[in-house]
file model_19.cif (mmCIF, C-alpha atoms)
data_final
loop_
_atom_site.label_atom_id
_atom_site.label_comp_id
_atom_site.auth_asym_id
_atom_site.auth_seq_id
_atom_site.Cartn_x
_atom_site.Cartn_y
_atom_site.Cartn_z
CA MET A 149 -237.23 228.97 -168.43
CA ALA A 150 -238.86 230.63 -165.43
CA THR A 151 -237.27 230.90 -162.01
CA SER A 152 -237.73 233.10 -158.98
CA SER A 153 -235.16 233.63 -156.27
CA PRO A 154 -236.82 232.68 -152.94
CA THR A 155 -236.07 228.97 -153.29
CA LEU A 156 -232.95 229.07 -155.44
CA ALA A 157 -229.77 229.92 -153.60
CA SER A 158 -227.30 231.88 -155.70
CA GLU A 159 -224.27 231.10 -153.57
CA GLU A 160 -222.04 228.05 -153.95
CA SER A 161 -222.26 227.49 -150.21
CA GLY A 162 -225.07 224.94 -150.48
CA LYS A 163 -224.80 221.44 -149.08
CA PRO A 164 -221.56 219.70 -150.12
CA SER A 165 -221.67 216.88 -152.61
CA PRO A 166 -221.83 213.42 -151.00
CA HIS A 167 -219.58 212.18 -153.80
CA PRO A 168 -216.27 214.08 -153.58
CA GLN A 169 -213.58 213.42 -156.15
CA THR A 170 -211.56 210.35 -155.27
CA ASP A 171 -209.34 207.75 -156.91
CA ILE A 172 -212.35 205.44 -157.39
CA ASP A 173 -212.51 204.10 -160.93
CA PRO A 174 -215.21 205.67 -163.18
CA LEU A 175 -217.39 202.55 -163.39
CA THR A 176 -217.56 202.27 -159.61
CA HIS A 177 -218.47 205.94 -159.32
CA LEU A 178 -221.14 205.59 -162.00
CA SER A 179 -222.49 202.51 -160.25
CA THR A 180 -222.79 204.48 -157.01
CA LEU A 181 -224.73 207.25 -158.73
CA LEU A 182 -227.05 204.90 -160.60
CA ASN A 183 -227.84 202.83 -157.53
CA SER A 184 -228.27 205.79 -155.17
CA ARG A 185 -230.64 207.74 -157.45
CA HIS A 186 -234.28 207.09 -156.56
CA SER A 187 -237.65 208.84 -156.55
CA THR A 188 -237.80 211.33 -153.69
CA ARG A 189 -241.36 211.91 -152.45
CA ALA A 190 -240.72 214.27 -149.52
CA PHE A 191 -238.41 217.28 -149.64
CA LEU A 192 -236.89 219.74 -147.20
CA PRO A 193 -237.64 223.45 -147.72
CA THR A 194 -233.88 224.08 -148.01
CA PRO A 195 -233.11 226.40 -150.95
CA VAL A 196 -231.47 224.77 -153.96
CA PRO A 197 -228.18 226.40 -155.06
CA LEU A 198 -228.65 227.78 -158.56
CA THR A 199 -225.05 226.86 -159.37
CA ALA A 200 -225.85 223.18 -158.72
CA ILE A 201 -228.75 223.29 -161.17
CA HIS A 202 -226.68 225.04 -163.82
CA ASN A 203 -223.86 222.53 -163.35
CA ALA A 204 -226.30 219.65 -163.84
CA LEU A 205 -227.90 221.27 -166.90
CA SER A 206 -224.49 221.90 -168.46
CA LEU A 207 -223.56 218.24 -168.09
CA ALA A 208 -226.95 217.00 -169.27
CA GLN A 209 -226.62 219.08 -172.43
CA THR A 210 -223.96 216.61 -173.62
CA ALA A 211 -226.60 213.86 -173.96
CA PRO A 212 -226.94 212.32 -177.44
CA SER A 213 -229.91 213.12 -179.67
CA ASN A 214 -231.18 212.18 -183.11
CA SER A 215 -229.44 214.37 -185.73
CA ASN A 216 -228.09 216.39 -182.78
CA ILE A 217 -231.40 218.27 -182.55
CA GLN A 218 -231.16 218.51 -178.73
CA ASN A 219 -234.93 218.49 -178.54
CA TRP A 220 -235.45 218.65 -174.77
CA ARG A 221 -237.13 221.70 -173.31
CA LEU A 222 -237.33 222.42 -169.58
CA TYR A 223 -239.35 225.02 -167.70
CA LEU A 224 -237.93 225.53 -164.20
CA LEU A 225 -240.19 227.02 -161.56
CA SER A 226 -239.73 228.11 -157.98
CA GLY A 227 -241.41 230.49 -155.55
CA HIS A 228 -244.67 232.00 -156.78
CA SER A 229 -244.33 230.39 -160.24
CA LEU A 230 -244.24 226.90 -158.73
CA SER A 231 -246.96 227.68 -156.20
CA LYS A 232 -249.23 228.90 -158.99
CA LEU A 233 -248.75 225.64 -160.89
CA THR A 234 -249.26 223.35 -157.90
CA THR A 235 -252.42 225.24 -156.94
CA ALA A 236 -253.80 224.88 -160.47
CA LEU A 237 -252.92 221.17 -160.64
CA SER A 238 -254.37 220.41 -157.21
CA SER A 239 -257.58 222.17 -158.16
CA ALA A 240 -257.81 220.24 -161.42
CA ALA A 241 -257.24 216.94 -159.58
CA ARG A 242 -260.12 217.69 -157.22
CA GLU A 243 -262.44 218.48 -160.13
CA GLY A 244 -261.76 215.44 -162.28
CA ALA A 245 -259.51 212.50 -163.06
CA PRO A 246 -256.41 213.11 -165.18
CA VAL A 247 -256.14 212.02 -168.80
CA SER A 248 -254.08 208.85 -168.77
CA SER A 249 -252.84 206.40 -171.38
CA HIS A 250 -253.83 202.74 -171.28
CA LEU A 251 -251.34 200.43 -169.57
CA PRO A 252 -251.27 196.99 -171.23
CA SER A 253 -252.05 194.09 -168.91
CA GLU A 254 -248.55 192.63 -169.15
CA PHE A 255 -247.18 195.73 -167.41
CA ALA A 256 -249.94 196.16 -164.83
CA HIS A 257 -248.21 194.11 -162.14
CA PHE A 258 -245.28 196.54 -162.08
CA ARG A 259 -247.61 199.43 -161.23
CA SER A 260 -249.42 197.34 -158.64
CA GLU A 261 -246.18 196.30 -156.93
CA LEU A 262 -244.89 199.87 -156.87
CA GLY A 263 -248.21 201.14 -155.50
CA GLN A 264 -248.06 198.59 -152.71
CA LYS A 265 -244.57 199.75 -151.75
CA VAL A 266 -245.26 203.48 -151.93
CA TYR A 267 -248.70 203.63 -150.35
CA SER A 268 -248.75 200.68 -147.96
CA GLU A 269 -245.10 200.60 -146.88
CA GLY A 270 -244.11 204.21 -147.51
CA TYR A 271 -247.23 206.09 -146.43
CA GLY A 272 -248.80 203.41 -144.24
CA VAL A 273 -252.10 203.62 -146.14
CA SER A 274 -254.24 200.51 -146.47
CA ARG A 275 -255.84 199.35 -149.71
CA SER A 276 -259.12 199.47 -147.81
CA ASP A 277 -258.80 203.25 -147.44
CA PRO A 278 -259.16 204.59 -150.99
CA ALA A 279 -259.73 208.17 -149.82
CA ALA A 280 -256.36 208.23 -148.08
CA ARG A 281 -254.65 206.70 -151.10
CA ILE A 282 -256.15 209.35 -153.36
CA ALA A 283 -255.02 212.09 -150.97
CA LYS A 284 -251.46 210.75 -151.02
CA SER A 285 -251.48 210.31 -154.79
CA ARG A 286 -252.37 214.00 -155.16
CA ARG A 287 -249.05 214.91 -153.56
CA ASN A 288 -247.74 214.45 -157.10
CA TYR A 289 -249.51 217.69 -157.96
CA THR A 290 -247.78 219.61 -155.17
CA PHE A 291 -244.44 218.33 -156.48
CA PHE A 292 -244.05 216.69 -153.06
CA ASP A 293 -243.39 220.15 -151.60
CA ALA A 294 -240.08 220.42 -153.44
CA PRO A 295 -238.65 223.96 -153.59
CA LEU A 296 -237.94 223.59 -157.31
CA GLY A 297 -240.16 222.11 -159.98
CA GLY A 298 -239.76 221.45 -163.66
CA VAL A 299 -241.92 220.73 -166.69
CA ILE A 300 -240.22 218.69 -169.42
CA CYS A 301 -241.42 219.21 -172.98
CA MET A 302 -240.69 218.27 -176.58
CA ASP A 303 -241.75 219.76 -179.91
CA LYS A 304 -245.06 218.24 -181.05
CA GLU A 305 -243.89 217.87 -184.64
CA LEU A 306 -241.10 215.49 -183.76
CA ALA A 307 -241.48 211.73 -184.05
CA SER A 308 -242.18 209.54 -181.03
CA TYR A 309 -238.68 208.07 -181.20
CA ASP A 310 -237.25 211.51 -180.52
CA ALA A 311 -238.52 211.12 -176.97
CA VAL A 312 -235.58 208.72 -176.55
CA SER A 313 -233.28 211.73 -176.76
CA VAL A 314 -235.23 213.51 -174.03
CA GLY A 315 -234.96 210.40 -171.87
CA MET A 316 -231.18 210.29 -172.24
CA TRP A 317 -230.95 213.99 -171.39
CA LEU A 318 -233.21 213.54 -168.37
CA GLN A 319 -231.23 210.62 -166.95
CA SER A 320 -228.04 212.63 -167.37
CA PHE A 321 -229.62 215.56 -165.56
CA LEU A 322 -230.87 213.35 -162.71
CA LEU A 323 -227.46 211.75 -162.20
CA ALA A 324 -225.78 215.16 -162.17
CA LEU A 325 -228.25 216.27 -159.49
CA THR A 326 -227.63 213.10 -157.49
CA ALA A 327 -223.87 213.68 -157.66
CA GLN A 328 -224.44 217.03 -155.94
CA GLY A 329 -226.61 215.63 -153.16
CA LEU A 330 -229.97 216.65 -154.63
CA GLY A 331 -233.04 214.45 -154.73
CA SER A 332 -235.52 214.31 -157.58
CA CYS A 333 -238.73 212.71 -158.76
CA VAL A 334 -239.95 212.40 -162.34
CA MET A 335 -243.75 212.69 -162.41
CA VAL A 336 -245.52 211.56 -165.55
CA SER A 337 -248.76 212.34 -163.67
CA THR A 338 -248.22 215.99 -164.61
CA LYS A 339 -248.95 215.00 -168.22
CA GLY A 340 -252.48 214.05 -167.13
CA TYR A 341 -253.42 217.73 -166.87
CA GLU A 342 -251.38 218.95 -169.82
CA GLU A 343 -253.66 221.83 -170.81
CA VAL A 344 -253.74 223.12 -167.23
CA VAL A 345 -249.95 223.00 -167.10
CA LYS A 346 -249.48 224.74 -170.44
CA LYS A 347 -251.95 227.49 -169.62
CA THR A 348 -250.56 228.12 -166.14
CA VAL A 349 -246.89 228.07 -167.08
CA GLY A 350 -247.29 229.72 -170.48
CA ILE A 351 -245.96 226.85 -172.56
CA PRO A 352 -246.48 227.32 -176.32
CA ASP A 353 -248.99 225.13 -178.16
CA GLY A 354 -246.19 223.71 -180.29
CA LEU A 355 -244.68 221.90 -177.32
CA GLU A 356 -245.90 218.66 -175.77
CA VAL A 357 -245.65 218.16 -172.02
CA LEU A 358 -243.91 214.87 -171.23
CA SER A 359 -243.59 214.98 -167.45
CA GLY A 360 -243.06 217.03 -164.33
CA LEU A 361 -239.93 217.02 -162.20
CA ALA A 362 -239.45 217.76 -158.49
CA ILE A 363 -235.98 218.80 -157.26
CA GLY A 364 -234.63 219.51 -153.79
CA TYR A 365 -232.94 218.07 -150.74
CA GLU A 366 -234.45 214.83 -149.55
CA ASP A 367 -236.23 214.67 -146.20
CA THR A 368 -234.64 211.48 -144.88
CA SER A 369 -236.97 211.42 -141.86
CA GLU A 370 -239.90 210.49 -144.13
CA ARG A 371 -240.36 206.73 -144.49
CA VAL A 372 -241.60 207.01 -148.06
CA ASN A 373 -238.11 208.09 -149.10
CA SER A 374 -236.69 204.76 -147.96
CA ILE A 375 -238.80 202.91 -150.51
CA ARG A 376 -236.91 201.36 -153.41
CA SER A 377 -238.71 199.91 -156.40
CA GLY A 378 -237.45 196.54 -157.59
CA ARG A 379 -235.99 195.85 -161.01
CA ALA A 380 -236.38 192.88 -163.31
CA ASP A 381 -233.25 191.01 -164.33
CA TRP A 382 -231.64 192.76 -167.30
CA ARG A 383 -231.71 189.45 -169.17
CA ASP A 384 -235.51 189.73 -169.30
CA ALA A 385 -235.16 192.76 -171.56
CA VAL A 386 -232.30 191.70 -173.78
CA VAL A 387 -232.03 189.26 -176.69
CA GLU A 388 -228.41 188.40 -177.36
CA MET A 389 -227.69 187.12 -180.85
CA SER A 390 -224.47 185.97 -182.45
CA ASP A 391 -223.38 184.02 -185.53
#
call {"tool": "encode", "arguments": {"input": "model_19.cif", "output": "structure tokens"}}
result
Amino acid sequence: MATSSPTLASEESGKPSPHPQTDIDPLTHLSTLLNSRHSTRAFLPTPVPLTAIHNALSLAQTAPSNSNIQNWRLYLLSGHSLSKLTTALSSAAREGAPVSSHLPSEFAHFRSELGQKVYSEGYGVSRSDPAARIAKSRRNYTFFDAPLGGVICMDKELASYDAVSVGMWLQSFLLALTAQGLGSCVMVSTKGYEEVVKKTVGIPDGLEVLSGLAIGYEDTSERVNSIRSGRADWRDAVVEMSD
């Protein structure tokens, strides 16, 4: 785990949590966290209190995992370490397209709908201006100017289903950040330049990069942060069976 102090505040005097302890029942509180968490695509330069990150990591560590292997690995970067990575990623993006996995046609409409919201509504970029859309998409590689960035990894020798454990840990971490007033954005796009990331950060060959992560205080003046992606009805994903 690599951090540098310029963008991580060591004092507990950071911004107060927007969710103070109350008599609200746990399900209502959880509902508030789940519904308020969203992808933040513009951050303030405000330093992130290190205590808030450690609190979130401590809570996330309770996430379940197959055989209790706790197989998530996180590299945290700030200051020069983060700048070095974003510079390398931005350079790689200018030189060539990222490696990406095929998205089956039945899922393509979800990506299209999200792209319309983010680029057209959030950034005000028309479909007829591909250069502008590409420029905005490359903000992924600057971690949206967040003061704190992360690279999430898993051991290569583990089975694909072990990524489920990483997902549960990551959601726990994101909710713990949200509870403390911090915004975040999970960026699978980072995986597209995996070798660049591993070389720049110093990640061992035995680990696989799963995604990037931007963390910081949300810039609420940016329209793109008001964008909310829709969700299908949960019934579309569930088959209920009984005798």
call {"tool": "resolve_selection", "arguments": {"input": "model_19.cif", "expression": "the PyMOL selection byres ((chain A and resi 295) around 8)", "output": "ChimeraX atom specification"}}
result
/A:155-156,191-196,226-227,293-294,296-297,362-364
call {"tool": "resolve_selection", "arguments": {"input": "model_19.cif", "expression": "the PyMOL selection byres ((chain A and resi 311) around 12)", "output": "PyMOL selection string"}}
result
chain A and resi 212-214+217-221+300-310+312-318+356-359
call {"tool": "closest_residue", "arguments": {"input": "model_19.cif", "among": "A:Thr180, A:Thr210, A:Ser276, A:Ser285", "to": "Arg242 in chain A", "atoms": "all atoms listed in the file"}}
result
A:Ser285
call {"tool": "residues_around", "arguments": {"input": "model_19.cif", "residues": "Gly340 in chain A", "least_positions_apart": "3", "cutoff": "6 Å", "atoms": "only C-alpha atoms", "output": "NGL selection string"}}
result
:A and (246-248 or 337)
call {"tool": "closest_residue", "arguments": {"input": "model_19.cif", "among": "A:Ser260, A:Asp173, A:His202, A:Gly270", "to": "Ser374 in chain A", "atoms": "all atoms listed in the file"}}
result
A:Gly270
call {"tool": "closest_residue", "arguments": {"input": "model_19.cif", "among": "A:Ala380, A:Leu175, A:Leu205, A:Ala385", "to": "His257 in chain A", "atoms": "all atoms listed in the file"}}
result
A:Ala380
call {"tool": "residues_around", "arguments": {"input": "model_19.cif", "residues": "Tyr267 in chain A", "least_positions_apart": "4", "cutoff": "10 Å", "atoms": "all atoms listed in the file", "output": "PDB file with C-alpha atoms, in the coordinates of the input"}}
result
ATOM      1  CA  LEU A 262    -244.890 199.870-156.870  1.00  0.00           C
ATOM      2  CA  GLY A 263    -248.210 201.140-155.500  1.00  0.00           C
ATOM      3  CA  TYR A 271    -247.230 206.090-146.430  1.00  0.00           C
ATOM      4  CA  GLY A 272    -248.800 203.410-144.240  1.00  0.00           C
ATOM      5  CA  VAL A 273    -252.100 203.620-146.140  1.00  0.00           C
ATOM      6  CA  SER A 274    -254.240 200.510-146.470  1.00  0.00           C
ATOM      7  CA  ARG A 275    -255.840 199.350-149.710  1.00  0.00           C
ATOM      8  CA  ALA A 280    -256.360 208.230-148.080  1.00  0.00           C
ATOM      9  CA  ARG A 281    -254.650 206.700-151.100  1.00  0.00           C
ATOM     10  CA  ILE A 282    -256.150 209.350-153.360  1.00  0.00           C
ATOM     11  CA  LYS A 284    -251.460 210.750-151.020  1.00  0.00           C
ATOM     12  CA  SER A 285    -251.480 210.310-154.790  1.00  0.00           C
ATOM     13  CA  VAL A 372    -241.600 207.010-148.060  1.00  0.00           C
ATOM     14  CA  ILE A 375    -238.800 202.910-150.510  1.00  0.00           C
TER      15      ILE A 375
END
call {"tool": "closest_residue", "arguments": {"input": "model_19.cif", "among": "A:Gly244, A:Gly354, A:Gly360, A:Gly329", "to": "Ser184 in chain A", "atoms": "all atoms listed in the file"}}
result
A:Gly329
call {"tool": "atom_distance", "arguments": {"input": "model_19.cif", "atom1": "CA of Gln328 in chain A", "atom2": "CA of Tyr223 in chain A"}}
result
20.6 Å
call {"tool": "atom_distance", "arguments": {"input": "model_19.cif", "atom1": "CA of Glu254 in chain A", "atom2": "CA of Asn288 in chain A"}}
result
24.9 Å
call {"tool": "closest_residue", "arguments": {"input": "model_19.cif", "among": "A:Thr368, A:Ser390, A:Ser253, A:Thr290", "to": "Met335 in chain A", "atoms": "all atoms listed in the file"}}
result
A:Thr290
call {"tool": "atom_distance", "arguments": {"input": "model_19.cif", "atom1": "CA of Phe292 in chain A", "atom2": "CA of Ser268 in chain A"}}
result
17.4 Å
call {"tool": "resolve_selection", "arguments": {"input": "model_19.cif", "expression": "the PyMOL selection byres ((chain A and resi 232) around 12)", "output": "PDB file with C-alpha atoms, in the frame of the given file"}}
result
ATOM      1  CA  LEU A 225    -240.190 227.020-161.560  1.00  0.00           C
ATOM      2  CA  SER A 226    -239.730 228.110-157.980  1.00  0.00           C
ATOM      3  CA  GLY A 227    -241.410 230.490-155.550  1.00  0.00           C
ATOM      4  CA  HIS A 228    -244.670 232.000-156.780  1.00  0.00           C
ATOM      5  CA  SER A 229    -244.330 230.390-160.240  1.00  0.00           C
ATOM      6  CA  LEU A 230    -244.240 226.900-158.730  1.00  0.00           C
ATOM      7  CA  SER A 231    -246.960 227.680-156.200  1.00  0.00           C
ATOM      8  CA  LEU A 233    -248.750 225.640-160.890  1.00  0.00           C
ATOM      9  CA  THR A 234    -249.260 223.350-157.900  1.00  0.00           C
ATOM     10  CA  THR A 235    -252.420 225.240-156.940  1.00  0.00           C
ATOM     11  CA  ALA A 236    -253.800 224.880-160.470  1.00  0.00           C
ATOM     12  CA  LEU A 237    -252.920 221.170-160.640  1.00  0.00           C
ATOM     13  CA  SER A 238    -254.370 220.410-157.210  1.00  0.00           C
ATOM     14  CA  SER A 239    -257.580 222.170-158.160  1.00  0.00           C
ATOM     15  CA  TYR A 289    -249.510 217.690-157.960  1.00  0.00           C
ATOM     16  CA  THR A 290    -247.780 219.610-155.170  1.00  0.00           C
ATOM     17  CA  PHE A 291    -244.440 218.330-156.480  1.00  0.00           C
ATOM     18  CA  GLY A 297    -240.160 222.110-159.980  1.00  0.00           C
ATOM     19  CA  VAL A 344    -253.740 223.120-167.230  1.00  0.00           C
ATOM     20  CA  VAL A 345    -249.950 223.000-167.100  1.00  0.00           C
ATOM     21  CA  LYS A 347    -251.950 227.490-169.620  1.00  0.00           C
ATOM     22  CA  THR A 348    -250.560 228.120-166.140  1.00  0.00           C
ATOM     23  CA  VAL A 349    -246.890 228.070-167.080  1.00  0.00           C
ATOM     24  CA  GLY A 350    -247.290 229.720-170.480  1.00  0.00           C
TER      25      GLY A 350
END
call {"tool": "closest_residue", "arguments": {"input": "model_19.cif", "among": "A:Leu361, A:Leu355, A:Leu323, A:Ala283", "to": "Val336 in chain A", "atoms": "only C-alpha atoms"}}
result
A:Leu361
